[in-house]
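J.: I am sharing my_file27.csv, which consists of CSV, C-alpha atoms:
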chain,number,residue,atom,x,y,z
K,1254,THR,CA,0.0,0.0,0.0
K,1255,MET,CA,2.8,2.4,0.9
K,1256,ILE,CA,4.6,1.7,-2.5
K,1257,LEU,CA,1.3,2.2,-4.4
K,1258,SER,CA,0.7,5.5,-2.6
K,1259,LEU,CA,4.1,6.7,-3.7
K,1260,LEU,CA,3.3,5.9,-7.3
K,1261,GLY,CA,0.2,8.0,-7.6
K,1262,ASP,CA,-2.5,10.0,-5.9
K,1263,THR,CA,-4.6,7.5,-4.1
K,1264,GLN,CA,-7.2,10.1,-3.3
K,1265,SER,CA,-8.2,10.7,-7.0
K,1266,ASP,CA,-10.2,8.3,-9.1
K,1267,ALA,CA,-7.3,8.0,-11.6
K,1268,GLY,CA,-4.9,7.2,-8.7
K,1269,GLN,CA,-7.2,4.5,-7.4
K,1270,LEU,CA,-7.6,3.0,-10.9
K,1271,ILE,CA,-3.8,3.0,-11.3
K,1272,ASN,CA,-3.3,1.3,-7.9
K,1273,MET,CA,-6.0,-1.3,-8.7
K,1274,GLY,CA,-4.4,-2.1,-12.0
K,1275,ILE,CA,-1.0,-2.5,-10.4
K,1276,SER,CA,-2.5,-4.7,-7.7
K,1277,VAL,CA,-4.1,-6.9,-10.4
K,1278,ILE,CA,-0.8,-7.2,-12.3
K,1279,LEU,CA,1.1,-8.1,-9.2
K,1280,SER,CA,-1.5,-10.6,-8.2
K,1281,ALA,CA,-1.2,-12.3,-11.6
K,1282,ILE,CA,2.6,-12.5,-11.2
K,1283,MET,CA,2.2,-13.9,-7.8
K,1284,ALA,CA,-0.1,-16.6,-9.2
K,1285,ILE,CA,2.8,-17.8,-11.3
K,1286,PHE,CA,5.0,-18.0,-8.2
K,1287,LEU,CA,2.1,-19.7,-6.4
K,1288,VAL,CA,2.1,-22.6,-8.9
K,1289,GLY,CA,5.8,-23.1,-8.1
K,1290,GLN,CA,5.1,-23.1,-4.4
K,1291,ASN,CA,2.4,-25.7,-5.0
K,1292,LYS,CA,4.7,-27.9,-7.0
K,1293,LEU,CA,7.2,-27.9,-4.1
K,1294,CYS,CA,4.4,-28.8,-1.6
K,1295,LEU,CA,3.0,-31.5,-3.8
K,1296,HIS,CA,6.4,-33.1,-4.3
K,1297,LEU,CA,7.1,-33.0,-0.5
K,1298,ALA,CA,3.7,-34.4,0.3
K,1299,ARG,CA,3.9,-37.2,-2.2
K,1300,GLU,CA,7.6,-38.1,-2.0
K,1301,SER,CA,8.2,-37.3,1.7
K,1302,LYS,CA,11.5,-35.7,0.8
K,1303,TYR,CA,12.6,-32.2,0.0
K,1304,PRO,CA,12.2,-31.2,-3.7
K,1305,ALA,CA,14.6,-29.2,-5.7
K,1306,ILE,CA,14.4,-25.5,-4.9
K,1307,SER,CA,14.4,-24.7,-8.6
K,1308,ASP,CA,10.8,-26.0,-8.7
K,1309,ILE,CA,9.8,-22.6,-7.4
K,1310,TRP,CA,10.3,-21.4,-10.9
K,1311,TYR,CA,8.1,-24.1,-12.4
K,1312,GLY,CA,5.3,-21.6,-13.3
K,1313,PHE,CA,7.7,-19.6,-15.5
K,1314,LYS,CA,9.0,-22.7,-17.4
K,1315,GLY,CA,6.5,-22.8,-20.3
K,1316,HIS,CA,3.4,-22.5,-18.2
K,1317,ALA,CA,3.2,-18.8,-17.5
K,1318,ASP,CA,0.8,-18.0,-20.3
K,1319,ASN,CA,-1.7,-20.7,-19.3
K,1320,ILE,CA,-1.5,-19.6,-15.7
K,1321,LEU,CA,-2.1,-16.0,-16.5
K,1322,VAL,CA,-5.1,-16.8,-18.8
K,1323,THR,CA,-6.5,-19.0,-16.0
K,1324,TYR,CA,-6.0,-16.4,-13.4
K,1325,PHE,CA,-7.7,-13.6,-15.4
K,1326,ARG,CA,-10.6,-15.9,-16.2
K,1327,ILE,CA,-11.2,-16.4,-12.5
K,1328,PHE,CA,-10.6,-12.7,-11.8
K,1329,ILE,CA,-13.2,-11.6,-14.4
K,1330,ARG,CA,-15.8,-13.9,-12.8
K,1331,GLU,CA,-15.1,-12.4,-9.3
K,1332,PHE,CA,-15.2,-8.9,-10.8
K,1333,VAL,CA,-18.6,-9.5,-12.4
K,1334,TYR,CA,-20.0,-10.8,-9.2
K,1335,ALA,CA,-18.6,-7.9,-7.2
K,1336,LEU,CA,-20.2,-5.3,-9.6
K,1337,PRO,CA,-23.7,-5.3,-7.8
K,1338,PHE,CA,-22.0,-4.4,-4.5
K,1339,GLY,CA,-19.9,-1.7,-6.2
K,1340,PHE,CA,-23.0,-0.2,-8.0
K,1341,ALA,CA,-24.9,-0.2,-4.7
K,1342,ALA,CA,-22.0,1.4,-2.9
K,1343,VAL,CA,-21.9,4.2,-5.4
K,1344,LEU,CA,-25.7,4.8,-5.1
K,1345,TYR,CA,-25.4,4.9,-1.3
K,1346,SER,CA,-22.5,7.4,-1.4
K,1347,ILE,CA,-24.7,9.6,-3.6
K,1348,ARG,CA,-27.9,9.2,-1.5
K,1349,PRO,CA,-27.2,7.9,2.0
K,1350,GLU,CA,-30.7,6.8,2.7
K,1351,ILE,CA,-32.0,3.7,4.6
K,1352,SER,CA,-33.5,2.2,1.4
K,1353,TYR,CA,-30.1,2.4,-0.4
K,1354,LEU,CA,-28.4,1.1,2.7
K,1355,ILE,CA,-30.6,-2.0,2.7
K,1356,PHE,CA,-30.0,-2.4,-1.1
K,1357,LEU,CA,-26.2,-2.1,-0.4
K,1358,VAL,CA,-26.4,-4.9,2.3
K,1359,ILE,CA,-28.4,-7.2,0.0
K,1360,CYS,CA,-26.0,-6.6,-2.9
K,1361,GLY,CA,-23.0,-7.1,-0.5
K,1362,ILE,CA,-24.3,-10.4,0.7
K,1363,PHE,CA,-25.0,-11.6,-2.9
K,1364,SER,CA,-21.5,-10.5,-4.1
K,1365,ALA,CA,-19.8,-12.1,-1.1
K,1366,ILE,CA,-21.6,-15.5,-1.5
K,1367,MET,CA,-20.9,-15.6,-5.3
K,1368,CYS,CA,-17.2,-14.6,-4.9
K,1369,ILE,CA,-16.8,-17.3,-2.2
K,1370,ARG,CA,-18.4,-19.8,-4.6
K,1371,VAL,CA,-15.8,-18.8,-7.2
K,1372,GLU,CA,-13.0,-19.2,-4.8
K,1373,LEU,CA,-14.3,-22.7,-3.8
K,1374,ASP,CA,-14.9,-23.8,-7.4
K,1375,TYR,CA,-11.4,-22.9,-8.4
K,1376,GLY,CA,-9.5,-23.2,-5.2
K,1377,MET,CA,-7.5,-26.2,-6.4
K,1378,ILE,CA,-6.9,-25.1,-9.9
K,1379,PHE,CA,-3.3,-24.0,-9.3
K,1380,PHE,CA,-2.5,-27.5,-8.0
K,1381,LEU,CA,-4.4,-29.1,-10.9
K,1382,ILE,CA,-2.4,-27.2,-13.5
K,1383,ILE,CA,0.7,-29.0,-12.2
K,1384,ASP,CA,-0.7,-32.5,-12.7
K,1385,ARG,CA,-2.5,-31.7,-15.9
K,1386,PRO,CA,-0.3,-29.2,-17.8
K,1387,GLU,CA,-1.8,-30.3,-21.1
K,1388,LEU,CA,-5.1,-28.8,-20.3
K,1389,ASN,CA,-5.9,-25.2,-21.4
K,1390,SER,CA,-7.5,-22.6,-19.1
K,1391,LYS,CA,-11.1,-23.4,-20.1
K,1392,GLU,CA,-10.5,-27.2,-19.5
K,1393,LEU,CA,-8.8,-26.5,-16.2
K,1394,LEU,CA,-11.8,-24.4,-15.0
K,1395,SER,CA,-14.2,-27.2,-15.9
K,1396,LYS,CA,-12.0,-29.9,-14.4
K,1397,SER,CA,-11.5,-27.9,-11.2
K,1398,LYS,CA,-15.3,-27.6,-10.7
K,1399,ASP,CA,-15.8,-31.3,-11.3
K,1400,LEU,CA,-13.0,-32.1,-8.9
K,1401,ILE,CA,-14.5,-30.0,-6.0
K,1402,GLN,CA,-18.0,-31.2,-6.7
K,1403,GLY,CA,-19.6,-32.3,-3.4
K,1404,LYS,CA,-16.5,-31.1,-1.4
K,1405,ARG,CA,-17.1,-27.4,-1.3
K,1406,LYS,CA,-18.2,-27.5,2.3
K,1407,ASN,CA,-15.0,-29.3,3.2
K,1408,LEU,CA,-12.8,-26.7,1.5
K,1409,LEU,CA,-14.8,-23.9,3.1
K,1410,LEU,CA,-14.3,-25.3,6.5
K,1411,LEU,CA,-10.6,-25.7,5.8
K,1412,TYR,CA,-10.3,-22.1,4.8
K,1413,MET,CA,-12.2,-21.1,7.9
K,1414,SER,CA,-9.7,-23.0,10.0
K,1415,PHE,CA,-7.0,-20.6,8.8
K,1416,ILE,CA,-8.7,-17.6,10.3
K,1417,GLY,CA,-7.0,-18.1,13.7
K,1418,MET,CA,-3.6,-18.2,11.9
K,1419,GLY,CA,-4.5,-15.0,10.1
K,1420,ILE,CA,-5.1,-13.3,13.4
K,1421,LEU,CA,-1.8,-14.7,14.7
K,1422,VAL,CA,0.0,-13.1,11.7
K,1423,LEU,CA,-1.7,-9.7,12.6
K,1424,LEU,CA,-0.7,-10.0,16.2
K,1425,THR,CA,2.9,-10.7,15.4
K,1426,PHE,CA,3.0,-7.8,12.9
K,1427,GLY,CA,3.5,-10.2,10.0
K,1428,PHE,CA,6.4,-12.2,11.3
K,1429,ALA,CA,4.3,-15.4,11.8
K,1430,ILE,CA,3.6,-15.5,8.0
K,1431,PHE,CA,6.9,-17.3,7.5
K,1432,TRP,CA,5.4,-20.3,9.5
K,1433,VAL,CA,1.7,-19.8,8.7
K,1434,ALA,CA,2.1,-19.6,4.8
K,1435,PRO,CA,4.0,-22.9,4.4
K,1436,TYR,CA,1.6,-24.6,6.7
K,1437,MET,CA,-1.4,-23.4,4.7
K,1438,ARG,CA,0.2,-24.4,1.4
K,1439,MET,CA,1.0,-27.9,2.7
K,1440,THR,CA,-2.5,-28.3,4.1
K,1441,LEU,CA,-4.1,-27.3,0.8
K,1442,ALA,CA,-1.7,-29.7,-1.0
K,1443,GLU,CA,-2.8,-32.6,1.2
K,1444,PHE,CA,-6.4,-31.6,0.6
K,1445,TYR,CA,-5.8,-31.7,-3.2
K,1446,ILE,CA,-4.1,-35.0,-3.0
K,1447,ALA,CA,-7.0,-36.4,-1.0
K,1448,LEU,CA,-9.4,-35.2,-3.7
K,1449,THR,CA,-7.5,-36.7,-6.6
K,1450,THR,CA,-6.8,-40.1,-4.9
K,1451,GLU,CA,-10.4,-40.8,-3.7
K,1452,PRO,CA,-11.5,-44.3,-4.6
K,1453,VAL,CA,-13.6,-44.6,-7.8
K,1454,THR,CA,-17.3,-44.9,-7.2
K,1455,GLU,CA,-19.3,-48.0,-8.3
K,1456,GLU,CA,-21.1,-45.8,-10.9
K,1457,ALA,CA,-17.8,-44.7,-12.4
K,1458,ASN,CA,-16.6,-48.4,-12.5
K,1459,VAL,CA,-19.7,-49.4,-14.4
K,1460,GLU,CA,-19.3,-46.6,-16.9
K,1461,SER,CA,-15.6,-47.5,-17.4
K,1462,THR,CA,-16.5,-51.2,-18.0
K,1463,GLU,CA,-19.2,-50.2,-20.5
K,1464,ASN,CA,-16.6,-48.1,-22.4
K,1465,ILE,CA,-14.1,-50.9,-22.5
K,1466,THR,CA,-16.8,-53.4,-23.7
K,1467,ASN,CA,-17.9,-51.0,-26.5
Re-express the file's structure as structure tokens.

T.:
Amino acid sequence: TMILSLLGDTQSDAGQLINMGISVILSAIMAIFLVGQNKLCLHLARESKYPAISDIWYGFKGHADNILVTYFRIFIREFVYALPFGFAAVLYSIRPEISYLIFLVICGIFSAIMCIRVELDYGMIFFLIIDRPELNSKELLSKSKDLIQGKRKNLLLLYMSFIGMGILVLLTFGFAIFWVAPYMRMTLAEFYIALTTEPVTEEANVESTENITN
């Protein structure tokens, strides 16, 4: 925030747009690094031994374009769902009346629920892109939703379990992030592995047998 404030006038509309644009770009770059972190965690979880540190650059080794397209597809979905709240906030700032406040609250609840839904639907996508690098962004989005089907509640509860750790980071002025962040990444990696190694259901077995027979 301090760096962004030095780059432009954060009080003006133009300054806020510039800061927002810079934040989106930085988040996109961090998504590429995130894939590298996820690769490290998956290797450690699966092999029970420390991976090569060079894996942290995995996202930049021929995968950056797919990661960026996937990231922006998710970002656009969240942006669209956040629009009703933004529109209601503008209306309330112009006319701070009780009716507009109620409208703002309703839009805020809707936007929050839908954005959380997006986060849950695609929460495992930057792990999936490691195991299925041949998939394009559209296929990854579809596969991610299929993977988390019936498990959104589990992932939501997992995210909620990190709230206490977030408070710990705040109380330690950010120092605890060096322990909290790796723990969260490894926990999510284990959750992803559990999702992808679940036993095949009887229905899936029947369908597979029919395909082989045909």

J.: For Val1371 of chain K, which residue among K:Ala1429, K:Ile1401, K:Leu1287, K:Ala1447 is the nearest when counting all atoms listed in the file?

T.: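 When distances to Val1371 of chain K are compared using all atoms listed in the file, the smallest one comes from K:Ile1401.
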
J.: Could you build a table of the residues in segment 1366-1442 of chain K lying no more than 12 Å from segment 1312-1334 of chain K, giving for each the nearest pair of atoms and their separation in Å rounded to one decimal place, using only C-alpha atoms, ordered by chain and ascending residue number, as a Markdown table?

T.:
| residue | atom | partner | partner_atom | distance |
| --- | --- | --- | --- | --- |
| K:Ile1366 | CA | K:Tyr1334 | CA | 9.2 |
| K:Met1367 | CA | K:Tyr1334 | CA | 6.2 |
| K:Cys1368 | CA | K:Glu1331 | CA | 5.3 |
| K:Ile1369 | CA | K:Glu1331 | CA | 8.8 |
| K:Arg1370 | CA | K:Glu1331 | CA | 9.4 |
| K:Val1371 | CA | K:Glu1331 | CA | 6.8 |
| K:Glu1372 | CA | K:Ile1327 | CA | 8.4 |
| K:Leu1373 | CA | K:Ile1327 | CA | 11.2 |
| K:Asp1374 | CA | K:Ile1327 | CA | 9.7 |
| K:Tyr1375 | CA | K:Ile1327 | CA | 7.7 |
| K:Gly1376 | CA | K:Ile1327 | CA | 10.1 |
| K:Ile1378 | CA | K:Thr1323 | CA | 8.6 |
| K:Phe1379 | CA | K:Ile1320 | CA | 8.0 |
| K:Phe1380 | CA | K:Ile1320 | CA | 11.1 |
| K:Leu1381 | CA | K:Ile1320 | CA | 11.0 |
| K:Ile1382 | CA | K:Ile1320 | CA | 8.0 |
| K:Ile1383 | CA | K:Gly1312 | CA | 8.8 |
| K:Arg1385 | CA | K:His1316 | CA | 11.2 |
| K:Pro1386 | CA | K:His1316 | CA | 7.7 |
| K:Glu1387 | CA | K:Asn1319 | CA | 9.8 |
| K:Leu1388 | CA | K:Asn1319 | CA | 8.8 |
| K:Asn1389 | CA | K:Asn1319 | CA | 6.5 |
| K:Ser1390 | CA | K:Thr1323 | CA | 4.9 |
| K:Lys1391 | CA | K:Thr1323 | CA | 7.6 |
| K:Glu1392 | CA | K:Thr1323 | CA | 9.8 |
| K:Leu1393 | CA | K:Thr1323 | CA | 7.8 |
| K:Leu1394 | CA | K:Thr1323 | CA | 7.6 |
| K:Ser1395 | CA | K:Thr1323 | CA | 11.2 |
| K:Ser1397 | CA | K:Thr1323 | CA | 11.3 |

J.: Which residue is closest to Ala1342 of chain K? Choose from K:Met1418, K:Leu1424, K:Leu1354, K:Met1377 and count all atoms listed in the file.

T.: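 Of K:Met1418, K:Leu1424, K:Leu1354, K:Met1377, the one nearest Ala1342 of chain K is K:Leu1354, counting all atoms listed in the file.
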
J.: Residues near segment 1409-1415 of chain K, anyone? I mean within 8 Å using only C-alpha atoms, not counting same-chain ones fewer than 4 positions away, as a VMD selection string.

T.: chain K and resid 1373 1405 1419 1437

J.: Quick one: residues within 9 Å of segment 1360-1362 of chain K, only C-alpha atoms, excluding same-chain residues fewer than 6 positions away - as a PyMOL selection string?

T.: chain K and resi 1335-1342

J.: What gap, in Å, lies between atom CA of Lys1404 of chain K and atom CA of Val1288 of chain K?

T.: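 Straight-line distance from atom CA of Lys1404 of chain K to atom CA of Val1288 of chain K works out to 21.8 Å.
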
J.: Of the candidates K:Leu1344, K:Met1439, K:Ile1446, K:Val1277, which one gets nearest to Cys1294 of chain K if we count all atoms listed in the file?

T.: K:Met1439

J.: Within 12 Å of (4.7, -25.7, -6.0) (file coordinates; all atoms listed in the file), which protein or nucleic acid residues are there? I'd like them as an NGL selection string.

T.: :K and (1284-1298 or 1303-1313 or 1379-1384 or 1435 or 1438-1439 or 1441-1442)

J.: How many Å separate atom CA of Leu1270 of chain K from atom CA of Pro1349 of chain K?

T.: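 Separating atom CA of Leu1270 of chain K from atom CA of Pro1349 of chain K is a distance of 24.0 Å.
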
J.: Could you jot down the atom CA of Lys1396 of chain K to atom CA of Leu1448 of chain K separation for me, Å, one decimal place?

T.: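 Calculated distance between atom CA of Lys1396 of chain K and atom CA of Leu1448 of chain K is 12.2 Å.
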
J.: Reconstruct segment 1275-1311 of chain K at the level of N, CA and C atoms, and format the result as a compact mmCIF listing (two decimals), in the coordinates of the input.

T.:
# COMPACT_ATOMS: atom_id res chain seq x y z
N ILE K 1275 -2.25 -1.95 -10.88
CA ILE K 1275 -1.00 -2.50 -10.40
C ILE K 1275 -1.18 -3.68 -9.51
N SER K 1276 -2.20 -3.60 -8.65
CA SER K 1276 -2.50 -4.70 -7.70
C SER K 1276 -2.88 -5.98 -8.52
N VAL K 1277 -3.67 -5.80 -9.58
CA VAL K 1277 -4.10 -6.90 -10.40
C VAL K 1277 -2.89 -7.58 -11.08
N ILE K 1278 -2.01 -6.74 -11.62
CA ILE K 1278 -0.80 -7.20 -12.30
C ILE K 1278 0.10 -7.99 -11.33
N LEU K 1279 0.31 -7.40 -10.15
CA LEU K 1279 1.10 -8.10 -9.20
C LEU K 1279 0.54 -9.38 -8.70
N SER K 1280 -0.79 -9.41 -8.55
CA SER K 1280 -1.50 -10.60 -8.20
C SER K 1280 -1.31 -11.72 -9.23
N ALA K 1281 -1.35 -11.31 -10.50
CA ALA K 1281 -1.20 -12.30 -11.60
C ALA K 1281 0.22 -12.86 -11.57
N ILE K 1282 1.22 -12.01 -11.33
CA ILE K 1282 2.60 -12.50 -11.20
C ILE K 1282 2.76 -13.44 -10.05
N MET K 1283 2.11 -13.10 -8.94
CA MET K 1283 2.20 -13.90 -7.80
C MET K 1283 1.51 -15.29 -7.99
N ALA K 1284 0.51 -15.31 -8.87
CA ALA K 1284 -0.10 -16.60 -9.20
C ALA K 1284 0.84 -17.54 -9.86
N ILE K 1285 1.76 -17.00 -10.68
CA ILE K 1285 2.80 -17.80 -11.30
C ILE K 1285 3.72 -18.40 -10.25
N PHE K 1286 4.13 -17.55 -9.31
CA PHE K 1286 5.00 -18.00 -8.20
C PHE K 1286 4.22 -19.05 -7.35
N LEU K 1287 2.91 -18.83 -7.18
CA LEU K 1287 2.10 -19.70 -6.40
C LEU K 1287 2.11 -21.15 -6.92
N VAL K 1288 2.07 -21.27 -8.25
CA VAL K 1288 2.10 -22.60 -8.90
C VAL K 1288 3.44 -23.27 -8.52
N GLY K 1289 4.53 -22.51 -8.53
CA GLY K 1289 5.80 -23.10 -8.10
C GLY K 1289 5.83 -23.54 -6.69
N GLN K 1290 5.23 -22.75 -5.81
CA GLN K 1290 5.10 -23.10 -4.40
C GLN K 1290 4.30 -24.42 -4.26
N ASN K 1291 3.21 -24.48 -5.02
CA ASN K 1291 2.40 -25.70 -5.00
C ASN K 1291 3.08 -26.91 -5.45
N LYS K 1292 3.93 -26.75 -6.46
CA LYS K 1292 4.70 -27.90 -7.00
C LYS K 1292 5.65 -28.41 -5.88
N LEU K 1293 6.30 -27.48 -5.18
CA LEU K 1293 7.20 -27.90 -4.10
C LEU K 1293 6.38 -28.65 -3.02
N CYS K 1294 5.21 -28.14 -2.66
CA CYS K 1294 4.40 -28.80 -1.60
C CYS K 1294 3.88 -30.14 -2.06
N LEU K 1295 3.46 -30.26 -3.31
CA LEU K 1295 3.00 -31.50 -3.80
C LEU K 1295 4.09 -32.59 -3.81
N HIS K 1296 5.27 -32.17 -4.23
CA HIS K 1296 6.40 -33.10 -4.30
C HIS K 1296 6.75 -33.56 -2.84
N LEU K 1297 6.77 -32.63 -1.90
CA LEU K 1297 7.10 -33.00 -0.50
C LEU K 1297 6.03 -33.87 0.08
N ALA K 1298 4.75 -33.62 -0.23
CA ALA K 1298 3.70 -34.40 0.30
C ALA K 1298 3.65 -35.83 -0.27
N ARG K 1299 3.99 -35.95 -1.55
CA ARG K 1299 3.90 -37.20 -2.20
C ARG K 1299 5.18 -38.07 -2.05
N GLU K 1300 6.32 -37.41 -2.03
CA GLU K 1300 7.60 -38.10 -2.00
C GLU K 1300 8.20 -38.18 -0.59
N SER K 1301 7.68 -37.36 0.32
CA SER K 1301 8.20 -37.30 1.70
C SER K 1301 9.68 -36.93 1.74
N LYS K 1302 10.13 -36.17 0.77
CA LYS K 1302 11.50 -35.70 0.80
C LYS K 1302 11.52 -34.31 0.13
N TYR K 1303 12.54 -33.53 0.48
CA TYR K 1303 12.60 -32.20 0.00
C TYR K 1303 12.84 -32.10 -1.49
N PRO K 1304 12.05 -31.32 -2.21
CA PRO K 1304 12.20 -31.20 -3.70
C PRO K 1304 13.34 -30.24 -4.01
N ALA K 1305 13.63 -30.13 -5.29
CA ALA K 1305 14.60 -29.20 -5.70
C ALA K 1305 14.07 -27.76 -5.61
N ILE K 1306 14.85 -26.87 -5.06
CA ILE K 1306 14.40 -25.50 -4.90
C ILE K 1306 14.07 -24.83 -6.21
N SER K 1307 14.68 -25.31 -7.28
CA SER K 1307 14.40 -24.70 -8.60
C SER K 1307 12.98 -24.91 -9.04
N ASP K 1308 12.25 -25.82 -8.38
CA ASP K 1308 10.80 -26.00 -8.70
C ASP K 1308 9.99 -24.79 -8.45
N ILE K 1309 10.53 -23.87 -7.65
CA ILE K 1309 9.80 -22.60 -7.40
C ILE K 1309 9.56 -21.83 -8.63
N TRP K 1310 10.39 -22.07 -9.66
CA TRP K 1310 10.30 -21.40 -10.90
C TRP K 1310 9.46 -22.15 -11.95
N TYR K 1311 8.82 -23.22 -11.49
CA TYR K 1311 8.10 -24.10 -12.40
C TYR K 1311 7.06 -23.32 -13.24
